[in-house]
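Worksheet for the structure shown next.
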Amino acid sequence: MAKVLTPRAEDYSQWYNDIVKKAQLAENSAVRGCMVIKPTGYAIWENMKSQLDRMFKDTGHVNAYFPLFVPKSLFEAEEKNAEGFAKECAVVTHYRLRNNPDEKGKLMVDPDARLEEELVVRPTSEAIIWNTYKNWINSYRDLPLLINQWANVVRWEMRTRLFLRTAEFLWQEGHTAHATKEEAIEETKMILDLYADFAENYMAMPVIKGVKTANERFAGADDTYTIEALMQDGKALQAGTSHFLGQNFAKAFEVKFSNSNNKEEYVWATSWGVSTRLMGGLIMTHSDDDGLVVPPKLAATQVVIVPIPKPKDEIDEVAERIMVELKAKGVSVKYDRDAKKRPGFKFAEHELKGVPVRLGIGMRDLEKGVIEVARRDTKEKNSIPVDGVVDHVVQLLDDIQNNLFNKAKAYRDSHITKADSMEEFKSILEEKGGFILAHWDGTTETEIKIKELTKATIRCIPLDNEKEAGQCILTGKPSEQRVLFAKAY
RNA sequence: CGGAAUGUAGCGCAGCCCGGUAGCGCACACGCCUGGGGGGCGUGGGGUCGCAGGUUCAAAUCCUGUCAUUCCGACCA
């Protein structure tokens, strides 16, 4: 079979780029660093989105929409946040073009149309949202305020990669306001659990929940919680973050409420988000050298039926019947009834696009009363009696979902290694990759030094961490627990 | 934003050094044969050679600039 993708072992980055393009998930656009998400890719994102949206709503959140532009004066109100994002902001300075008198048919920015105040294209929406919340919150009766928005944001990245880091990306950002610190922290952690649940049970991507160090924390947050996943090349991917913002934004935007004793207090805030980056995580967690592998719960098409060698009345009849029955059970199914393409070509094509289950219906099999059922995750093929094929497929989709998670988890678990010295740390990083648990003295200085020496960063301090006395691998200073290091995307 | 490489048909590439008719494979269209893992033969269509300048009788080819992509670094979700 002709290989369409660069094998992972040969060049992992190239494999990733190949798969995004060949499976038609996305492509580069005419705008530097910005991608076009193609229908095949967008369908998966839509599935992610609708599931997450359901989960947000089930936990009491509602959707709203805030503007793309943030006046500079609002943007700079929360200083740390502004400083953190300043270097990567796109800024609108003019509101009009005009014909260029020197070059016919060309346009130029109208110098007379300079904006009084520049508009920052949102890299995140805290500023505009908190400036709005100020007007919405007066009393403890207005709290909690639990709002999510689905939006695009822009961060002017120097180096971009499809899905993993693009200048514009799609995400959801939740912004909540609470009367007490405890309640806000609870919200932050609840969302972290929700993200982990989504990652593991829908994306089949195991994650480690943890807290970011001060150095890796979101600008403007008191605490950043994260879910960290491990990709097949041994690099970590930050898949989602949930921030406890304390009263930082409330103070910056004067968001106060009267408590039940009629005393004024600043509200407590959270924000949290996951983005189209999850698509990158999905690809790099499950896919192989033959193409994309999509967990059934997120697949746009869960089952494809291929007539062998080509459509024929008898085959069509069986296919139609199976489709009706599968659809009745909530399974999305397509019949690839294209007489011009040969079965071998179709097999390869659907494998490249990651369809979880393929049914091959041919006359030879039908005479024996069976259908060939092929699963994408293991490439296993079985002959299943026609009568039982629908139930078999429903069960199989479930098995595939579980198998993908278990396989990813086994890989992840076998790539968490303890290191007790810098030498050990470096050799694990070079030879094996993955997560490394090591003692750290708790200072930003040491963290940065380790990054300079090894390129590895502290991904998080795992929430379920065991306490264990030890010595920092760099400075030898005392440490009370190991933290999770890795090279990261 | 610094270093390197690349940009020629939808995709992958040759041609460039040494200036002179724009080529190959795949894909595409049509026909015939085929048909259980990316078929075979035949015929055919498709090009502002990334873009803008310059040198020259003549530029895909030489020069300058610019844009984009990939990789490496710094930065970042």
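In the structure tokens, chains take the letters A, B, ... in the order shown, each chain's residues start at 1, and ligands count up from 1 in the order shown.
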
Please report as a VMD selection string which residues of chain A come no farther than 9 Å from chain B, using only C-alpha atoms (C1' of nucleotides).
chain A and resid 1 to 3 14 28 30 to 32 87 to 88 155 157 to 159 164 to 165 238 to 241 274 to 275 277 308 to 310 342 to 349 360 362 364

Write out as a PyMOL selection string each polymer residue whose atoms come within 9 Å of region 4-17 of chain B, counting only C-alpha atoms (C1' of nucleotides); drop sequence neighbours fewer than 6 positions from it.
chain B and resi 23-28+46-47+49-50+60-61+68-72

Gap from CA of Ala236 (chain A) to CA of Leu170 (chain A) - Å, one decimal:
20.9 Å

Give the strand (DSSP E) residues of region 162-407 of chain A, as DSSP finds them on the backbone, and put them as a count of residues only.
74

Do a neighbour search on U64 (chain B) at 12 Å with only C-alpha atoms (C1' of nucleotides), toss out local chain neighbours closer than 4 positions, and write the hits as a list in words.
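The neighbour list is A52, G53, G54 and U55 of chain B.
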
Using only C-alpha atoms (C1' of nucleotides), which protein or nucleic acid residues come within 9 Å of Thr475 (chain A)? Drop anything in the same chain fewer than 2 positions from it, and give the result as a list in words.
Trp440, Asp441, Thr446, Gln471, Cys472, Ile473, Lys477 and Pro478 of chain A

Export of the given selection (N, CA, C and O atoms) as a compact mmCIF listing (two decimals), in the first residue's frame:
# COMPACT_ATOMS: atom_id res chain seq x y z
N TRP A 440 11.75 19.65 43.42
CA TRP A 440 12.06 21.03 42.99
C TRP A 440 11.94 21.92 44.22
O TRP A 440 11.05 21.73 45.05
N ASP A 441 12.86 22.87 44.33
CA ASP A 441 12.90 23.68 45.57
C ASP A 441 11.81 24.75 45.66
O ASP A 441 11.75 25.51 46.62
N THR A 446 14.96 28.44 39.99
CA THR A 446 15.38 27.06 39.71
C THR A 446 14.61 26.51 38.51
O THR A 446 15.17 25.84 37.64
N GLN A 471 15.12 16.15 47.87
CA GLN A 471 15.99 17.30 47.59
C GLN A 471 15.86 17.73 46.15
O GLN A 471 15.79 16.89 45.24
N CYS A 472 15.84 19.02 45.94
CA CYS A 472 15.72 19.58 44.59
C CYS A 472 16.82 19.03 43.69
O CYS A 472 17.99 19.03 44.09
N ILE A 473 16.46 18.56 42.51
CA ILE A 473 17.47 17.94 41.65
C ILE A 473 18.52 18.94 41.16
O ILE A 473 19.60 18.54 40.76
N LYS A 477 18.27 21.74 47.57
CA LYS A 477 17.49 22.27 48.69
C LYS A 477 16.31 21.35 48.99
O LYS A 477 15.85 20.62 48.12
N PRO A 478 15.79 21.42 50.22
CA PRO A 478 14.71 20.52 50.59
C PRO A 478 13.42 20.76 49.78
O PRO A 478 13.12 21.89 49.41

Quick one: residues within 9 Å of Met279 (chain A), only C-alpha atoms (C1' of nucleotides), excluding same-chain residues fewer than 2 positions away - as a list of chain:residue names?
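What passes the distance filter is A:Gly41, A:Ile44, A:Trp45, A:Phe163, A:Leu164, A:Ser275, A:Thr276, A:Arg277, A:Gly281, A:Leu282, A:Ile283, A:Met284.
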
Please produce a file of the residues just selected, as a compact mmCIF listing (two decimals), in the first residue's frame, where the atoms kept are all heavy atoms.
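In the end it all went to selection09.txt:
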# COMPACT_ATOMS: atom_id res chain seq x y z
N GLY A 41 -12.49 18.59 9.48
CA GLY A 41 -11.95 18.98 10.78
C GLY A 41 -12.99 19.70 11.62
O GLY A 41 -13.10 19.48 12.83
N ILE A 44 -15.44 17.53 13.59
CA ILE A 44 -14.95 16.98 14.86
C ILE A 44 -15.01 18.07 15.94
O ILE A 44 -15.45 17.83 17.06
CB ILE A 44 -13.51 16.43 14.71
CG1 ILE A 44 -13.50 15.28 13.69
CG2 ILE A 44 -12.97 15.97 16.05
CD1 ILE A 44 -12.11 14.79 13.33
N TRP A 45 -14.57 19.27 15.56
CA TRP A 45 -14.63 20.39 16.51
C TRP A 45 -16.07 20.65 16.94
O TRP A 45 -16.35 20.89 18.11
CB TRP A 45 -14.02 21.64 15.87
CG TRP A 45 -14.18 22.90 16.68
CD1 TRP A 45 -14.86 24.02 16.32
CD2 TRP A 45 -13.65 23.17 17.99
NE1 TRP A 45 -14.80 24.96 17.31
CE2 TRP A 45 -14.06 24.47 18.35
CE3 TRP A 45 -12.88 22.43 18.89
CZ2 TRP A 45 -13.73 25.04 19.58
CZ3 TRP A 45 -12.55 23.01 20.11
CH2 TRP A 45 -12.97 24.30 20.44
N PHE A 163 -3.67 24.01 14.30
CA PHE A 163 -4.37 23.61 15.52
C PHE A 163 -3.58 23.85 16.81
O PHE A 163 -4.13 24.35 17.79
CB PHE A 163 -4.82 22.14 15.49
CG PHE A 163 -5.92 21.87 14.51
CD1 PHE A 163 -5.74 20.98 13.46
CD2 PHE A 163 -7.15 22.51 14.62
CE1 PHE A 163 -6.75 20.74 12.54
CE2 PHE A 163 -8.17 22.28 13.71
CZ PHE A 163 -7.97 21.39 12.67
N LEU A 164 -2.30 23.51 16.83
CA LEU A 164 -1.55 23.57 18.08
C LEU A 164 -1.24 25.00 18.51
O LEU A 164 -1.27 25.34 19.68
CB LEU A 164 -0.24 22.80 17.95
CG LEU A 164 -0.43 21.30 17.75
CD1 LEU A 164 0.88 20.65 17.41
CD2 LEU A 164 -1.05 20.69 19.00
N SER A 275 -9.54 25.15 23.64
CA SER A 275 -9.52 25.73 22.30
C SER A 275 -9.40 24.66 21.22
O SER A 275 -9.35 23.46 21.51
CB SER A 275 -8.33 26.67 22.18
OG SER A 275 -7.13 25.92 22.14
N THR A 276 -9.32 25.14 19.98
CA THR A 276 -9.12 24.22 18.85
C THR A 276 -7.80 23.47 18.98
O THR A 276 -7.53 22.55 18.22
CB THR A 276 -9.15 24.99 17.51
OG1 THR A 276 -8.56 26.28 17.69
CG2 THR A 276 -10.57 25.16 17.01
N ARG A 277 -6.99 23.86 19.95
CA ARG A 277 -5.78 23.11 20.21
C ARG A 277 -6.10 21.65 20.58
O ARG A 277 -5.31 20.74 20.32
CB ARG A 277 -5.04 23.76 21.38
CG ARG A 277 -3.81 23.03 21.75
CD ARG A 277 -3.10 23.72 22.87
NE ARG A 277 -1.79 24.11 22.43
CZ ARG A 277 -0.77 24.30 23.24
NH1 ARG A 277 -0.93 24.20 24.53
NH2 ARG A 277 0.40 24.62 22.77
N GLY A 281 -4.35 17.77 20.04
CA GLY A 281 -4.20 16.73 21.06
C GLY A 281 -4.87 15.44 20.64
O GLY A 281 -4.32 14.35 20.82
N LEU A 282 -6.05 15.58 20.07
CA LEU A 282 -6.78 14.41 19.62
C LEU A 282 -5.99 13.65 18.55
O LEU A 282 -5.84 12.43 18.62
CB LEU A 282 -8.13 14.86 19.03
CG LEU A 282 -9.10 13.73 18.68
CD1 LEU A 282 -9.77 13.23 19.95
CD2 LEU A 282 -10.15 14.21 17.70
N ILE A 283 -5.45 14.41 17.61
CA ILE A 283 -4.68 13.80 16.52
C ILE A 283 -3.45 13.08 17.08
O ILE A 283 -3.20 11.92 16.77
CB ILE A 283 -4.22 14.88 15.51
CG1 ILE A 283 -5.43 15.52 14.84
CG2 ILE A 283 -3.25 14.29 14.49
CD1 ILE A 283 -5.13 16.84 14.15
N MET A 284 -2.70 13.78 17.93
CA MET A 284 -1.43 13.22 18.39
C MET A 284 -1.58 12.17 19.48
O MET A 284 -0.60 11.53 19.85
CB MET A 284 -0.51 14.34 18.87
CG MET A 284 -0.01 15.18 17.72
SD MET A 284 1.37 16.20 18.20
CE MET A 284 0.55 17.38 19.21

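The space separating CA of Leu359 (chain A) from CA of Glu317 (chain A) comes to 14.1 Å.
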
I need the helix (DSSP H, G or I) residues of region 320-487 of chain A per DSSP on the backbone, written as an NGL selection string.
:A and (320-328 or 343-353 or 363-367 or 386-414 or 422-431 or 444-454)
